[in-house]
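Student: Dropping in query_9.cif, which is mmCIF, C-alpha atoms:
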```cif
data_entry
#
loop_
_atom_site.label_atom_id
_atom_site.label_comp_id
_atom_site.auth_asym_id
_atom_site.auth_seq_id
_atom_site.Cartn_x
_atom_site.Cartn_y
_atom_site.Cartn_z
CA MET A 1 125.27 24.08 106.08
CA LYS A 2 127.57 21.04 105.74
CA ARG A 3 127.63 18.80 108.78
CA VAL A 4 130.79 17.09 110.00
CA LEU A 5 131.20 14.36 112.63
CA VAL A 6 134.59 14.20 114.34
CA VAL A 7 135.36 11.03 116.34
CA ASP A 8 138.52 10.99 118.45
CA ASP A 9 139.16 9.83 122.02
CA GLU A 10 141.49 12.81 122.64
CA LYS A 11 139.67 15.90 123.80
CA GLY A 12 142.44 18.20 122.51
CA ILE A 13 142.00 16.85 118.99
CA ARG A 14 138.18 17.02 119.12
CA ASP A 15 138.27 20.61 120.34
CA LEU A 16 140.86 21.63 117.74
CA PHE A 17 139.04 20.09 114.76
CA ARG A 18 135.71 21.48 115.97
CA ARG A 19 137.12 24.99 116.17
CA VAL A 20 138.91 24.76 112.81
CA LEU A 21 135.85 23.40 111.01
CA GLU A 22 133.36 25.73 112.67
CA THR A 23 135.59 28.69 111.77
CA ALA A 24 135.46 27.47 108.16
CA GLY A 25 131.63 27.43 108.29
CA TYR A 26 130.84 23.79 108.99
CA LYS A 27 128.41 22.51 111.61
CA VAL A 28 130.37 20.09 113.79
CA LYS A 29 129.47 17.34 116.23
CA THR A 30 132.06 15.34 118.12
CA ALA A 31 132.15 11.92 119.75
CA GLU A 32 134.82 10.36 121.94
CA SER A 33 134.09 6.74 121.05
CA GLY A 34 132.70 4.60 118.27
CA GLU A 35 129.66 3.72 120.35
CA GLN A 36 128.87 7.38 120.99
CA ALA A 37 129.31 8.11 117.28
CA LEU A 38 126.83 5.38 116.33
CA GLU A 39 124.27 6.83 118.75
CA ILE A 40 124.64 10.23 117.08
CA LEU A 41 124.36 8.65 113.63
CA GLU A 42 120.99 7.15 114.59
CA HIS A 43 119.30 10.56 114.41
CA ASP A 44 121.75 12.99 112.76
CA LYS A 45 122.88 13.09 109.15
CA PHE A 46 126.44 14.06 108.11
CA THR A 47 128.17 14.45 104.78
CA LEU A 48 131.68 14.30 106.13
CA LEU A 49 133.02 12.03 108.89
CA LEU A 50 136.52 12.19 110.40
CA PHE A 51 137.45 9.08 112.41
CA ASP A 52 140.47 8.30 114.53
CA LEU A 53 141.41 4.63 114.08
CA ASN A 54 142.49 3.82 117.61
CA LEU A 55 139.31 4.24 119.60
CA PRO A 56 138.23 2.58 122.83
CA GLY A 57 135.56 -0.08 122.23
CA ILE A 58 134.60 -0.17 118.54
CA ASP A 59 137.72 0.89 116.62
CA GLY A 60 137.74 3.30 113.70
CA ILE A 61 137.70 0.53 111.08
CA GLU A 62 134.60 -1.16 112.53
CA LEU A 63 132.96 2.23 112.99
CA CYS A 64 133.60 3.05 109.32
CA LYS A 65 131.96 -0.20 108.17
CA LYS A 66 128.85 0.54 110.24
CA ALA A 67 128.73 4.24 109.30
CA ARG A 68 129.07 3.37 105.61
CA LYS A 69 125.88 1.30 105.85
CA ILE A 70 124.00 4.10 107.61
CA LEU A 71 125.31 6.88 105.33
CA PRO A 72 126.18 5.45 101.91
CA ILE A 73 126.58 8.94 100.44
CA SER A 74 129.21 10.49 102.65
CA ILE A 75 132.95 11.03 102.74
CA ILE A 76 134.70 9.16 105.55
CA ILE A 77 138.31 10.04 106.32
CA ALA A 78 140.67 8.32 108.78
CA ILE A 79 142.94 10.60 110.79
CA THR A 80 145.32 8.53 112.83
CA GLY A 81 148.52 8.83 114.85
CA TYR A 82 149.89 5.56 113.51
CA ALA A 83 149.01 3.30 110.61
CA SER A 84 151.01 0.42 109.16
CA LEU A 85 150.50 -0.74 105.58
CA PHE A 86 148.22 -3.47 106.95
CA HIS A 87 146.07 -0.88 108.71
CA LEU A 88 145.81 1.13 105.50
CA HIS A 89 144.71 -1.96 103.56
CA ASP A 90 142.02 -2.57 106.20
CA CYS A 91 140.99 1.10 105.98
CA ARG A 92 140.49 0.80 102.25
CA GLN A 93 138.43 -2.36 102.66
CA ALA A 94 136.32 -0.83 105.44
CA GLY A 95 135.25 1.98 103.12
CA PHE A 96 137.42 4.96 104.09
CA ASP A 97 137.73 7.46 101.24
CA ASP A 98 141.08 8.80 102.39
CA TYR A 99 143.42 8.94 105.36
CA PHE A 100 145.78 11.37 107.07
CA ILE A 101 148.57 10.67 109.51
CA LYS A 102 148.69 13.10 112.43
CA PRO A 103 149.96 15.73 112.64
CA VAL A 104 148.07 16.94 109.57
CA SER A 105 148.35 20.57 108.54
CA ILE A 106 145.14 22.51 109.12
CA LYS A 107 145.40 23.98 105.61
CA THR A 108 145.61 20.47 104.17
CA LEU A 109 142.69 19.32 106.29
CA LEU A 110 140.51 22.26 105.27
CA ALA A 111 141.39 21.79 101.59
CA GLU A 112 140.42 18.12 101.84
CA VAL A 113 137.17 18.94 103.63
CA GLU A 114 136.34 21.53 100.96
CA LEU A 115 137.05 19.00 98.21
CA ALA A 116 134.95 16.37 99.97
CA SER A 117 132.06 18.83 100.23
CA LYS A 118 132.17 19.43 96.48
CA ARG A 119 132.21 15.70 95.78
CA ILE A 120 129.22 15.17 98.05
CA ASP A 121 127.38 18.09 96.39
CA ARG A 122 127.72 16.38 93.01
CA TRP A 123 126.20 13.18 94.37
CA LEU A 124 123.38 15.03 96.12
CA ASP A 125 122.59 17.09 93.01
CA ARG A 126 122.32 13.88 91.00
CA GLU A 127 119.98 12.38 93.62
CA ALA A 128 117.78 15.47 93.60
CA MET B 1 173.47 -20.58 103.41
CA THR B 2 176.89 -19.00 103.98
CA TYR B 3 179.31 -20.72 106.32
CA SER B 4 181.89 -19.19 108.63
CA ARG B 5 185.24 -18.69 107.02
CA LYS B 6 187.57 -18.05 109.96
CA VAL B 7 188.33 -21.04 112.16
CA LEU B 8 190.67 -21.23 115.13
CA ILE B 9 192.15 -24.72 115.66
CA VAL B 10 193.55 -25.53 119.11
CA ASP B 11 195.51 -28.76 119.74
CA ASP B 12 198.74 -29.50 121.61
CA ASN B 13 199.66 -32.06 118.95
CA LYS B 14 201.21 -30.46 115.87
CA LEU B 15 200.31 -33.37 113.61
CA ASN B 16 196.61 -33.12 114.53
CA LEU B 17 196.70 -29.38 113.94
CA THR B 18 198.23 -29.80 110.50
CA LEU B 19 195.76 -32.50 109.52
CA ILE B 20 192.71 -30.38 110.40
CA ASP B 21 194.33 -27.31 108.87
CA VAL B 22 194.76 -29.09 105.52
CA ILE B 23 191.11 -30.26 105.54
CA LEU B 24 189.75 -26.82 106.30
CA ARG B 25 191.99 -24.89 103.92
CA ARG B 26 190.99 -27.25 101.12
CA ASP B 27 187.37 -26.37 101.88
CA GLY B 28 188.09 -22.63 101.70
CA TYR B 29 188.40 -21.77 105.38
CA GLU B 30 190.85 -19.27 106.76
CA THR B 31 192.58 -20.88 109.72
CA CYS B 32 194.69 -19.96 112.71
CA LEU B 33 196.57 -22.67 114.64
CA VAL B 34 197.25 -22.65 118.39
CA LEU B 35 199.43 -25.23 120.19
CA ASP B 36 199.43 -23.68 123.66
CA SER B 37 195.95 -23.64 125.21
CA GLN B 38 196.97 -20.85 127.62
CA THR B 39 197.21 -18.39 124.71
CA VAL B 40 193.78 -19.17 123.23
CA LEU B 41 191.92 -16.22 124.72
CA SER B 42 194.38 -13.61 123.47
CA VAL B 43 194.51 -15.23 120.00
CA VAL B 44 190.70 -15.31 119.83
CA GLU B 45 190.64 -11.57 120.58
CA SER B 46 193.03 -10.77 117.73
CA PHE B 47 191.95 -13.37 115.11
CA ALA B 48 188.21 -13.03 115.81
CA PRO B 49 187.23 -16.50 114.55
CA ASP B 50 183.72 -17.49 113.50
CA LEU B 51 184.21 -20.95 114.99
CA ILE B 52 186.71 -22.71 117.30
CA LEU B 53 187.83 -26.33 117.05
CA LEU B 54 189.11 -27.21 120.51
CA ASP B 55 191.03 -30.29 121.60
CA ILE B 56 189.92 -31.48 125.03
CA ASP B 57 193.02 -33.26 126.37
CA MET B 58 195.69 -30.60 126.65
CA PRO B 59 198.28 -30.01 129.40
CA VAL B 60 197.97 -27.16 131.94
CA LEU B 61 194.64 -25.86 130.58
CA SER B 62 192.22 -28.42 129.14
CA GLY B 63 189.86 -27.68 126.28
CA LEU B 64 186.95 -27.81 128.72
CA GLU B 65 188.56 -25.10 130.87
CA VAL B 66 189.37 -22.95 127.83
CA CYS B 67 185.74 -23.22 126.68
CA GLN B 68 184.53 -22.24 130.14
CA GLN B 69 186.73 -19.13 130.04
CA LEU B 70 185.41 -18.21 126.59
CA LYS B 71 181.81 -18.56 127.73
CA GLU B 72 182.50 -16.35 130.75
CA SER B 73 183.65 -13.54 128.46
CA GLU B 74 180.78 -11.27 127.33
CA LYS B 75 182.70 -10.48 124.16
CA LEU B 76 183.63 -14.05 123.17
CA LYS B 77 180.79 -16.17 124.54
CA ASP B 78 178.84 -16.35 121.29
CA ILE B 79 181.65 -17.91 119.24
CA PRO B 80 180.62 -21.54 118.65
CA VAL B 81 183.01 -24.24 119.92
CA ILE B 82 183.32 -27.76 118.54
CA PHE B 83 185.42 -30.07 120.67
CA VAL B 84 187.83 -32.49 119.04
CA THR B 85 188.51 -35.47 121.26
CA GLY B 86 189.82 -39.02 121.33
CA ASN B 87 187.98 -39.57 124.58
CA THR B 88 184.28 -40.07 123.94
CA ASP B 89 183.33 -41.33 127.39
CA ASP B 90 179.80 -40.32 128.37
CA ASP B 91 181.13 -38.20 131.21
CA ILE B 92 183.49 -36.20 128.96
CA ILE B 93 180.82 -35.63 126.30
CA LYS B 94 178.38 -34.49 128.99
CA LYS B 95 180.97 -32.01 130.33
CA ALA B 96 181.74 -30.80 126.79
CA PHE B 97 178.14 -29.70 126.33
CA ALA B 98 177.82 -28.49 129.93
CA VAL B 99 180.63 -25.94 129.48
CA GLY B 100 178.98 -24.54 126.34
CA GLY B 101 180.30 -26.67 123.48
CA HIS B 102 178.07 -26.80 120.41
CA ASP B 103 179.19 -30.26 119.25
CA TYR B 104 182.14 -32.67 119.25
CA VAL B 105 184.16 -34.56 116.66
CA ARG B 106 185.97 -37.82 117.36
CA LYS B 107 189.66 -38.40 116.81
CA PRO B 108 191.05 -39.54 114.48
CA VAL B 109 189.29 -36.82 112.55
CA ASN B 110 187.21 -37.86 109.58
CA GLN B 111 187.05 -35.14 106.93
CA ILE B 112 183.37 -35.63 106.04
CA GLU B 113 182.27 -35.79 109.68
CA LEU B 114 184.28 -32.69 110.62
CA LEU B 115 182.97 -30.52 107.76
CA THR B 116 179.39 -31.75 108.15
CA ARG B 117 179.35 -30.99 111.87
CA MET B 118 180.90 -27.57 111.27
CA HIS B 119 178.26 -26.78 108.66
CA ALA B 120 175.50 -27.93 111.02
CA VAL B 121 176.81 -25.79 113.88
CA ASN B 122 177.16 -22.76 111.61
CA ALA B 123 173.63 -23.23 110.30
CA ARG B 124 172.33 -23.42 113.86
CA VAL B 125 174.24 -20.29 114.89
CA GLU B 126 172.92 -18.41 111.86
CA LEU B 127 169.37 -19.49 112.67
CA ILE B 128 169.73 -18.29 116.27
CA GLU B 129 171.16 -14.97 115.05
CA HIS B 130 168.27 -14.62 112.62
CA ILE B 131 165.72 -15.28 115.39
CA LYS B 132 167.47 -12.74 117.66
CA TYR B 133 167.42 -10.20 114.81
CA GLU B 134 163.72 -10.78 114.17
CA GLU B 135 162.94 -10.39 117.88
CA LYS B 136 164.93 -7.17 118.03
CA LEU B 137 163.18 -5.84 114.91
CA LYS B 138 159.78 -6.77 116.34
CA GLY B 139 160.59 -4.83 119.52
CA ILE B 140 161.72 -1.82 117.51
CA LEU B 141 158.60 -1.87 115.34
CA GLU B 142 156.37 -2.06 118.41
CA MET B 143 158.29 0.80 120.02
CA ALA B 144 158.11 2.82 116.79
CA GLY B 145 154.35 2.27 116.60
CA THR B 146 153.92 3.38 120.22
CA VAL B 147 156.08 6.47 119.74
CA CYS B 148 154.21 7.45 116.57
CA HIS B 149 150.82 6.94 118.14
CA GLU B 150 151.57 8.66 121.46
CA PHE B 151 153.60 11.55 120.02
CA ASN B 152 151.49 12.34 116.98
CA GLN B 153 148.38 13.03 119.06
CA PRO B 154 149.88 15.96 121.03
CA LEU B 155 151.82 17.05 117.95
CA GLN B 156 148.51 17.42 116.10
CA VAL B 157 147.15 19.65 118.85
CA ILE B 158 150.35 21.74 118.99
CA SER B 159 150.74 22.26 115.24
CA GLY B 160 146.98 22.68 114.67
CA SER B 161 146.58 25.21 117.46
CA ALA B 162 149.53 27.28 116.22
CA GLU B 163 148.21 27.11 112.68
CA LEU B 164 144.77 28.19 113.85
CA LEU B 165 146.39 31.09 115.67
CA LEU B 166 147.98 32.13 112.38
CA LEU B 167 144.70 31.84 110.50
CA GLU B 168 142.80 33.90 113.08
CA SER B 169 145.40 36.65 113.62
CA ALA B 170 146.13 39.72 111.51
CA ASP B 171 149.11 39.59 109.15
CA ASP B 172 151.05 42.08 111.28
CA ALA B 173 150.07 40.58 114.66
CA PRO B 174 153.02 40.18 117.04
CA GLY B 175 154.29 36.62 117.53
CA ARG B 176 153.21 35.35 114.12
CA ASP B 177 156.80 34.34 113.34
CA LEU B 178 156.92 32.29 116.56
CA ALA B 179 153.64 30.56 115.71
CA GLU B 180 155.06 29.74 112.27
CA THR B 181 158.14 28.22 113.91
CA ILE B 182 155.93 26.07 116.16
CA VAL B 183 153.98 24.81 113.13
CA ASP B 184 157.16 24.06 111.15
CA GLN B 185 158.88 22.24 113.99
CA ALA B 186 155.80 20.23 114.98
CA LEU B 187 155.29 19.11 111.38
CA ARG B 188 159.01 18.29 111.18
CA MET B 189 158.64 16.03 114.20
CA GLY B 190 155.67 14.43 112.45
CA THR B 191 157.94 13.73 109.44
CA ILE B 192 160.48 12.03 111.72
CA ASN B 193 157.69 9.92 113.22
CA SER B 194 156.51 8.95 109.75
CA LYS B 195 160.04 7.60 109.09
CA LEU B 196 159.71 5.52 112.25
CA MET B 197 156.52 4.06 110.82
CA LYS B 198 158.40 2.91 107.74
CA ILE B 199 161.19 1.01 109.48
CA THR B 200 161.72 -2.30 107.72
CA ARG B 201 165.00 -3.56 109.16
CA TYR B 202 167.36 -3.15 112.09
CA GLU B 203 170.49 -1.09 111.59
CA LYS B 204 172.22 1.01 114.16
CA LYS B 205 174.75 3.80 114.06
CA HIS B 206 177.34 5.15 116.45
CA TYR B 207 176.10 7.82 118.84
CA ILE B 208 177.80 9.43 121.85
CA GLY B 209 180.58 7.45 123.56
CA ASN B 210 180.02 3.71 123.16
CA SER B 211 176.28 4.04 122.65
CA THR B 212 174.40 3.32 119.44
CA ILE B 213 171.05 4.45 118.04
CA ILE B 214 168.76 3.25 115.24
CA ASP B 215 169.91 4.58 111.87
CA LEU B 216 166.71 6.05 110.44
CA GLU B 217 168.47 6.84 107.15
CA LYS B 218 169.12 3.17 106.49
CA THR B 219 166.16 1.51 108.17
CA SER B 220 163.28 3.51 106.74
CA ILE B 221 161.99 2.44 103.31
CA THR B 222 161.80 6.06 102.25
CA GLY B 223 165.41 6.91 103.06
CA GLY B 224 166.66 9.89 105.01
CA ILE B 225 164.85 12.64 106.82
CA LYS B 226 164.55 15.81 104.85
#
```
Could you take the file, read its structure, and then write that structure out as structure tokens?

Tutor:
Amino acid sequence: MKRVLVVDDEKGIRDLFRRVLETAGYKVKTAESGEQALEILEHDKFTLLLFDLNLPGIDGIELCKKARKILPISIIIAITGYASLFHLHDCRQAGFDDYFIKPVSIKTLLAEVELASKRIDRWLDREA
Amino acid sequence: MTYSRKVLIVDDNKLNLTLIDVILRRDGYETCLVLDSQTVLSVVESFAPDLILLDIDMPVLSGLEVCQQLKESEKLKDIPVIFVTGNTDDDIIKKAFAVGGHDYVRKPVNQIELLTRMHAVNARVELIEHIKYEEKLKGILEMAGTVCHEFNQPLQVISGSAELLLLESADDAPGRDLAETIVDQALRMGTINSKLMKITRYEKKHYIGNSTIIDLEKTSITGGIK
């Protein structure tokens, strides 16, 4: 079963994404801060990571840089309420594979997650 | 740099007025001449000059008093004033700046000095306007960022929850049409917010009464809201 980590400081968003993704068959863990996410990443593996950018403490961009080192083969997507062109440039440099501006349609999100899963499968097959 | 084209010249001496008028017209300015200092305010309202050349020594109402009245008017206070004076005593010059004058020119008027000082004042006014514009734009961008960030979070929960309701309910379940409306409207609000994120300049449009609002059609790099 594909494992997804959702990091957002808003409980409403965490609960929503968890329910949507679990309904679609994914195993989901959530974290409300970058620090909490890094703790989870120390012992759990994920193929897909959804990060809010504006997080208390370590922000989404710093979290992405650290997560990318821990999980080189993974898809990391930014989902943010606001992003200027400068933010998006930083996202690209930090190693995000894609980004969405909230509110993102659930259908769009699920389609992207499905696509990401297939991309990860190809990498994992090659490794095996 | 573009310079102001409309100049109001105020002097109780007709010869002085004509002399300055000739200099300015030759340089491409549109001018309006006023002999009676008591009529300045009403003429300023109708002519709407970009700059005022104001004689100081005039009967009944001096140039200093006229300038003071202009600066007390919310509508007219930003029009730059250059005093024209034969009296360059320290005390007079000090008062000229104290009442809000931007500069002064000595009589008899020298063409080069007059035009150079006018250009310098206009350049300064344009710079101040540019700084004010930039400050206003910065405030708008910060506000737009805050609105996007704060509004898009709950919008995500509203639209996502309604969409989830649609995914989990039967095709003929009651209230599906209402859930669809919630999704559509929440995503529409998200589209408006995304226009706010793309504001690149400050332009306003008329709203109710005398109020104005930001014109999203003109300020967003992607054009109007669909």

Student: When the PyMOL selection byres ((chain A) within 8 of (chain B)) is applied to the file above, which residues end up in the set, as a PyMOL selection string?

Tutor: chain A and resi 10+12-13+16+20+80-84+102-106

Student: Report as a PyMOL selection string all protein, DNA and RNA residues lying within 10 Å of Val60 of chain B, evaluated on all atoms listed in the file, omitting residues in the same chain fewer than 3 positions from it.

Tutor: chain B and resi 36-38+57+63+65

Student: Could you name the residues that touch Asp8 of chain A at 8 Å or less, counting only C-alpha atoms, but leaving out those on the same chain fewer than 5 positions away, as a list in words?

Tutor: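 In the requested format, the answer is Ile13, Arg14, Thr30, Ala31, Glu32, Ser33, Phe51, Asp52 and Leu55 of chain A.
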
Student: At a cut-off of 10 Å from (178.9, -30.5, 123.0) in the coordinates of the file, what residues are picked up using only C-alpha atoms, written as a PyMOL selection string?

Tutor: chain B and resi 81-84+92-105

Student: On this structure, the PyMOL selection byres ((chain A and resi 38) around 12) would catch which residues? List them as a PyMOL selection string, sorted by chain and number.

Tutor: chain A and resi 5-7+30-37+39-46+49+51+57-60+62-71

Student: If you measure from atom CA of Ile79 of chain B to atom CA of Val43 of chain B, what distance in Å do you get, rounded to one decimal?

Tutor: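 So the answer is 13.2 Å.
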
Student: Select, from A:Leu21, A:Val28, A:Ile61, A:Met1, the residue with the minimum atom-to-atom distance to Ile79 of chain A, counting all atoms listed in the file.

Tutor: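 Result for the nearest residue to Ile79 of chain A: A:Ile61.
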
Student: Please give the centre and size of the box around segment 170-176 of chain B (axis-aligned, containing every atom listed in the file, 3 Å added per side), with values in Å to one decimal and written as lines of an AutoDock Vina configuration file.

Tutor:
```
center_x = 150.2
center_y = 38.7
center_z = 113.3
size_x = 14.2
size_y = 12.7
size_z = 14.4
```

Student: Quote the spacing between atom CA of Met118 of chain B and atom CA of Val66 of chain B in Å to one decimal place.

Tutor: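 Atom CA of Val66 of chain B lies 19.2 Å from atom CA of Met118 of chain B.
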
Student: If you apply the PyMOL selection byres ((chain B and resi 199-214) around 9) to this file, what residues do you get, as JSON, numbers by chain?

Tutor: {"B": [133, 134, 136, 137, 140, 141, 144, 195, 196, 197, 198, 215, 216, 217, 218, 219, 220, 221, 222]}

Student: Just give me the gap between atom CA of Asp11 of chain B and atom CA of Leu53 of chain B in Å, one decimal is fine.

Tutor: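 Separation of atom CA of Asp11 of chain B and atom CA of Leu53 of chain B: 8.5 Å.
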
Student: Taking the point (127.8, 17.9, 108.7) as given in the file, collect each protein or nucleic acid residue that comes within 6 Å of it, counting only C-alpha atoms, and present the set as a list in words.

Tutor: Lys2, Arg3, Val4, Lys27, Phe46, Thr47 and Leu48 of chain A

Student: Give the answer as one residue: which of B:Val40, B:Val7, B:Leu17, B:Ile56 has the shortest atom-to-atom distance to Gln69 of chain B, using all atoms listed in the file?

Tutor: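 Checking each of B:Val40, B:Val7, B:Leu17, B:Ile56 against Gln69 of chain B, counting all atoms listed in the file, the winner is B:Val40.
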
Student: Counting all atoms listed in the file, which residue out of A:Pro72, A:Asp125, A:Asp9, A:Glu114 sits closest to Tyr26 of chain A?

Tutor: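 Once distances to Tyr26 of chain A are computed over all atoms listed in the file, the minimum belongs to A:Glu114.
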
Student: Looking at all atoms listed in the file, which of B:Ile192, B:Ile23, B:Val44, B:Leu51 is the one that sits closest to His119 of chain B?

Tutor: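 Smallest separation from His119 of chain B among the options: B:Leu51.
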
Student: Starting from the block above, write segment 119-136 of chain B out to a file with N, CA, C and O atoms, as a PDB file, in the first residue's frame, please.

Tutor:
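The resulting file, part.pdb, is shown below:
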```pdb
ATOM      1  N   HIS B 119      12.000  72.479 -13.728  1.00  0.00           N
ATOM      2  CA  HIS B 119      12.305  71.078 -14.041  1.00  0.00           C
ATOM      3  C   HIS B 119      12.699  70.313 -12.780  1.00  0.00           C
ATOM      4  O   HIS B 119      12.278  69.179 -12.564  1.00  0.00           O
ATOM      5  N   ALA B 120      13.512  70.955 -11.948  1.00  0.00           N
ATOM      6  CA  ALA B 120      13.978  70.303 -10.713  1.00  0.00           C
ATOM      7  C   ALA B 120      12.808  70.022  -9.772  1.00  0.00           C
ATOM      8  O   ALA B 120      12.707  68.933  -9.190  1.00  0.00           O
ATOM      9  N   VAL B 121      11.912  70.991  -9.644  1.00  0.00           N
ATOM     10  CA  VAL B 121      10.741  70.795  -8.770  1.00  0.00           C
ATOM     11  C   VAL B 121       9.859  69.672  -9.320  1.00  0.00           C
ATOM     12  O   VAL B 121       9.408  68.796  -8.576  1.00  0.00           O
ATOM     13  N   ASN B 122       9.636  69.699 -10.629  1.00  0.00           N
ATOM     14  CA  ASN B 122       8.797  68.650 -11.232  1.00  0.00           C
ATOM     15  C   ASN B 122       9.403  67.262 -11.037  1.00  0.00           C
ATOM     16  O   ASN B 122       8.694  66.301 -10.759  1.00  0.00           O
ATOM     17  N   ALA B 123      10.722  67.197 -11.201  1.00  0.00           N
ATOM     18  CA  ALA B 123      11.401  65.902 -11.033  1.00  0.00           C
ATOM     19  C   ALA B 123      11.234  65.410  -9.590  1.00  0.00           C
ATOM     20  O   ALA B 123      10.996  64.223  -9.351  1.00  0.00           O
ATOM     21  N   ARG B 124      11.331  66.354  -8.633  1.00  0.00           N
ATOM     22  CA  ARG B 124      11.194  65.982  -7.234  1.00  0.00           C
ATOM     23  C   ARG B 124       9.766  65.503  -6.938  1.00  0.00           C
ATOM     24  O   ARG B 124       9.557  64.512  -6.250  1.00  0.00           O
ATOM     25  N   VAL B 125       8.796  66.230  -7.494  1.00  0.00           N
ATOM     26  CA  VAL B 125       7.387  65.856  -7.289  1.00  0.00           C
ATOM     27  C   VAL B 125       7.109  64.473  -7.875  1.00  0.00           C
ATOM     28  O   VAL B 125       6.450  63.635  -7.263  1.00  0.00           O
ATOM     29  N   GLU B 126       7.659  64.232  -9.080  1.00  0.00           N
ATOM     30  CA  GLU B 126       7.458  62.922  -9.718  1.00  0.00           C
ATOM     31  C   GLU B 126       8.077  61.800  -8.897  1.00  0.00           C
ATOM     32  O   GLU B 126       7.514  60.712  -8.770  1.00  0.00           O
ATOM     33  N   LEU B 127       9.257  62.094  -8.324  1.00  0.00           N
ATOM     34  CA  LEU B 127       9.936  61.084  -7.501  1.00  0.00           C
ATOM     35  C   LEU B 127       9.092  60.767  -6.262  1.00  0.00           C
ATOM     36  O   LEU B 127       8.913  59.598  -5.907  1.00  0.00           O
ATOM     37  N   ILE B 128       8.561  61.817  -5.633  1.00  0.00           N
ATOM     38  CA  ILE B 128       7.730  61.612  -4.435  1.00  0.00           C
ATOM     39  C   ILE B 128       6.483  60.801  -4.794  1.00  0.00           C
ATOM     40  O   ILE B 128       6.100  59.871  -4.088  1.00  0.00           O
ATOM     41  N   GLU B 129       5.870  61.147  -5.952  1.00  0.00           N
ATOM     42  CA  GLU B 129       4.685  60.399  -6.383  1.00  0.00           C
ATOM     43  C   GLU B 129       5.020  58.942  -6.643  1.00  0.00           C
ATOM     44  O   GLU B 129       4.250  58.044  -6.323  1.00  0.00           O
ATOM     45  N   HIS B 130       6.196  58.714  -7.235  1.00  0.00           N
ATOM     46  CA  HIS B 130       6.625  57.343  -7.521  1.00  0.00           C
ATOM     47  C   HIS B 130       6.820  56.562  -6.216  1.00  0.00           C
ATOM     48  O   HIS B 130       6.401  55.408  -6.114  1.00  0.00           O
ATOM     49  N   ILE B 131       7.443  57.213  -5.234  1.00  0.00           N
ATOM     50  CA  ILE B 131       7.671  56.547  -3.934  1.00  0.00           C
ATOM     51  C   ILE B 131       6.329  56.226  -3.274  1.00  0.00           C
ATOM     52  O   ILE B 131       6.127  55.121  -2.758  1.00  0.00           O
ATOM     53  N   LYS B 132       5.392  57.202  -3.333  1.00  0.00           N
ATOM     54  CA  LYS B 132       4.066  56.975  -2.744  1.00  0.00           C
ATOM     55  C   LYS B 132       3.379  55.795  -3.425  1.00  0.00           C
ATOM     56  O   LYS B 132       2.754  54.955  -2.781  1.00  0.00           O
ATOM     57  N   TYR B 133       3.496  55.749  -4.766  1.00  0.00           N
ATOM     58  CA  TYR B 133       2.885  54.670  -5.544  1.00  0.00           C
ATOM     59  C   TYR B 133       3.468  53.313  -5.134  1.00  0.00           C
ATOM     60  O   TYR B 133       2.741  52.344  -4.922  1.00  0.00           O
ATOM     61  N   GLU B 134       4.796  53.283  -5.015  1.00  0.00           N
ATOM     62  CA  GLU B 134       5.467  52.034  -4.645  1.00  0.00           C
ATOM     63  C   GLU B 134       5.044  51.569  -3.252  1.00  0.00           C
ATOM     64  O   GLU B 134       4.834  50.375  -3.021  1.00  0.00           O
ATOM     65  N   GLU B 135       4.906  52.553  -2.333  1.00  0.00           N
ATOM     66  CA  GLU B 135       4.482  52.207  -0.972  1.00  0.00           C
ATOM     67  C   GLU B 135       3.067  51.648  -0.971  1.00  0.00           C
ATOM     68  O   GLU B 135       2.755  50.686  -0.277  1.00  0.00           O
ATOM     69  N   LYS B 136       2.212  52.292  -1.781  1.00  0.00           N
ATOM     70  CA  LYS B 136       0.819  51.846  -1.875  1.00  0.00           C
ATOM     71  C   LYS B 136       0.767  50.421  -2.448  1.00  0.00           C
ATOM     72  O   LYS B 136       0.071  49.559  -1.931  1.00  0.00           O
TER      73      LYS B 136
END
```
